[in-house]
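Report on the structure given below.
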Amino acid sequence: MLICWCGCSPSPPVQGGGLPPSALSFSIDLLYWRNVKQSGAVFSSVLLLLFSLTQFSVVSVGAYLALAALSATISFRIYKSVLQAVQKTDEGHPFKGYLEMEIALSQDQISKYADKILLYTNTCMKELRRLFLVQDLVDSLKFAVLMWLLTYVGALFNGLTLLILAVVSMFTLPVVYEKHQAQIDQYVGLIRTHVNSVVGKIQAKIPGAKRKEE
């Protein structure tokens, strides 16, 4: 069973939750660069968007993206219309197939996602209440140390920079881990053992901090 950073057990997953198998497989293939062209296109597009947001406002970036998309579709529409007129063909609207596609969310899908959001929200609220009201002293101290470290992170990076670093990590760390899994697991195990040892010593010295054995 997975244990979160503060030692608590997460709520059991909702049956049928998570991404569909096809979407999950597609996401994994992207992050592991199974298709270099596809992963490269997604990676470069996301980075370009994020770097654009560092220079321009969200409204400007959104407007420019919309203009670029409209320029492409309008130009293609006019080109196909002229081509049909010259060749005297009757192919119809070039985007007819896309226009006829069903893109609306079903009631079942909306209910499923709403239930998942509600579950995660309630779990988060309960966890924050537990940490801020010091139900477990060690967990609250860990959370305080994390918040203290985040003050230094916030002083060095803004949220957009952290998002860029997160995207870069998502597209690099899985590949690095796949190639050097044995060595990384060994070092992570050593670090985890050392951290658990230090936490155990601190926990033993703080009155009332020792967890009750279940």
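Residues in the structure tokens are named by chain (A, B, ... in the order shown) and by number from 1 within that chain; ligands are numbered from 1 in the order shown.
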
* List every residue of region 43-197 of chain A that DSSP, applied to the backbone of this structure, places in helix (DSSP H, G or I), and write the result as JSON, numbers by chain. => {"A": [43, 44, 45, 46, 47, 48, 49, 50, 51, 52, 53, 54, 55, 58, 59, 60, 61, 62, 63, 64, 65, 66, 67, 68, 69, 70, 71, 72, 73, 74, 75, 76, 77, 78, 79, 80, 81, 82, 83, 84, 85, 86, 87, 96, 97, 98, 99, 107, 108, 109, 110, 111, 112, 113, 114, 115, 116, 117, 118, 119, 120, 121, 122, 123, 124, 125, 126, 127, 128, 129, 130, 131, 132, 137, 138, 139, 140, 141, 142, 143, 144, 145, 146, 147, 148, 149, 150, 151, 152, 153, 154, 155, 156, 159, 160, 161, 162, 163, 164, 165, 166, 167, 168, 169, 170, 171, 172, 173, 174, 175, 176, 177, 178, 179, 181, 182, 183, 184, 185, 186, 187, 188, 189, 190, 191, 192, 193, 194, 195, 196, 197]}

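We find CA of Val36 (chain A) and CA of Thr172 (chain A) to be spaced 12.6 Å apart.
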
Which residues are near Asp29 (chain A)? Cut-off 12 Å, only C-alpha atoms, ignore same chain within fewer than 4 positions. Put them as a PDB file with C-alpha atoms, in the first residue's frame.
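Written out: out_24.pdb:
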```pdb
ATOM      1  CA  SER A  22      -5.862   4.423 -24.298  1.00  0.00           C
ATOM      2  CA  ALA A  23      -5.238   7.916 -22.902  1.00  0.00           C
ATOM      3  CA  LEU A  24      -2.933   6.537 -20.184  1.00  0.00           C
ATOM      4  CA  SER A  25      -0.947   4.546 -22.733  1.00  0.00           C
ATOM      5  CA  TRP A  33       9.583   9.259 -26.128  1.00  0.00           C
ATOM      6  CA  ARG A  34       8.319   6.062 -27.797  1.00  0.00           C
ATOM      7  CA  ASN A  35       7.540   8.225 -30.835  1.00  0.00           C
ATOM      8  CA  VAL A  36      10.285  10.855 -31.034  1.00  0.00           C
ATOM      9  CA  LYS A  37       8.465  13.118 -33.494  1.00  0.00           C
ATOM     10  CA  GLN A  38       5.230  13.051 -31.494  1.00  0.00           C
ATOM     11  CA  SER A  39       6.904  13.626 -28.127  1.00  0.00           C
ATOM     12  CA  GLY A  40       9.135  16.325 -29.591  1.00  0.00           C
ATOM     13  CA  VAL A  42       4.202  18.092 -27.805  1.00  0.00           C
ATOM     14  CA  MET A 170       8.279  15.168 -17.010  1.00  0.00           C
ATOM     15  CA  PHE A 171       9.874  14.680 -20.425  1.00  0.00           C
ATOM     16  CA  PRO A 174      11.225   9.042 -16.966  1.00  0.00           C
ATOM     17  CA  VAL A 175      13.723   8.340 -19.758  1.00  0.00           C
TER      18      VAL A 175
END
```

* Of the listed residues A:Ser45, A:Gln203, A:Ser27, A:Thr151, that which approaches Asp139 (chain A) most closely, counting only C-alpha atoms -> A:Gln203

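If only C-alpha atoms are the atoms counted, then among A:Leu128, A:Leu165, A:Leu156, A:Val138 the closest residue to Ala204 (chain A) is A:Val138.
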
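Residue nearest Leu162 (chain A) within the list A:Leu50, A:Ala85, A:Leu67, A:Met101: A:Leu50 [criterion: smallest interatomic distance, only C-alpha atoms].
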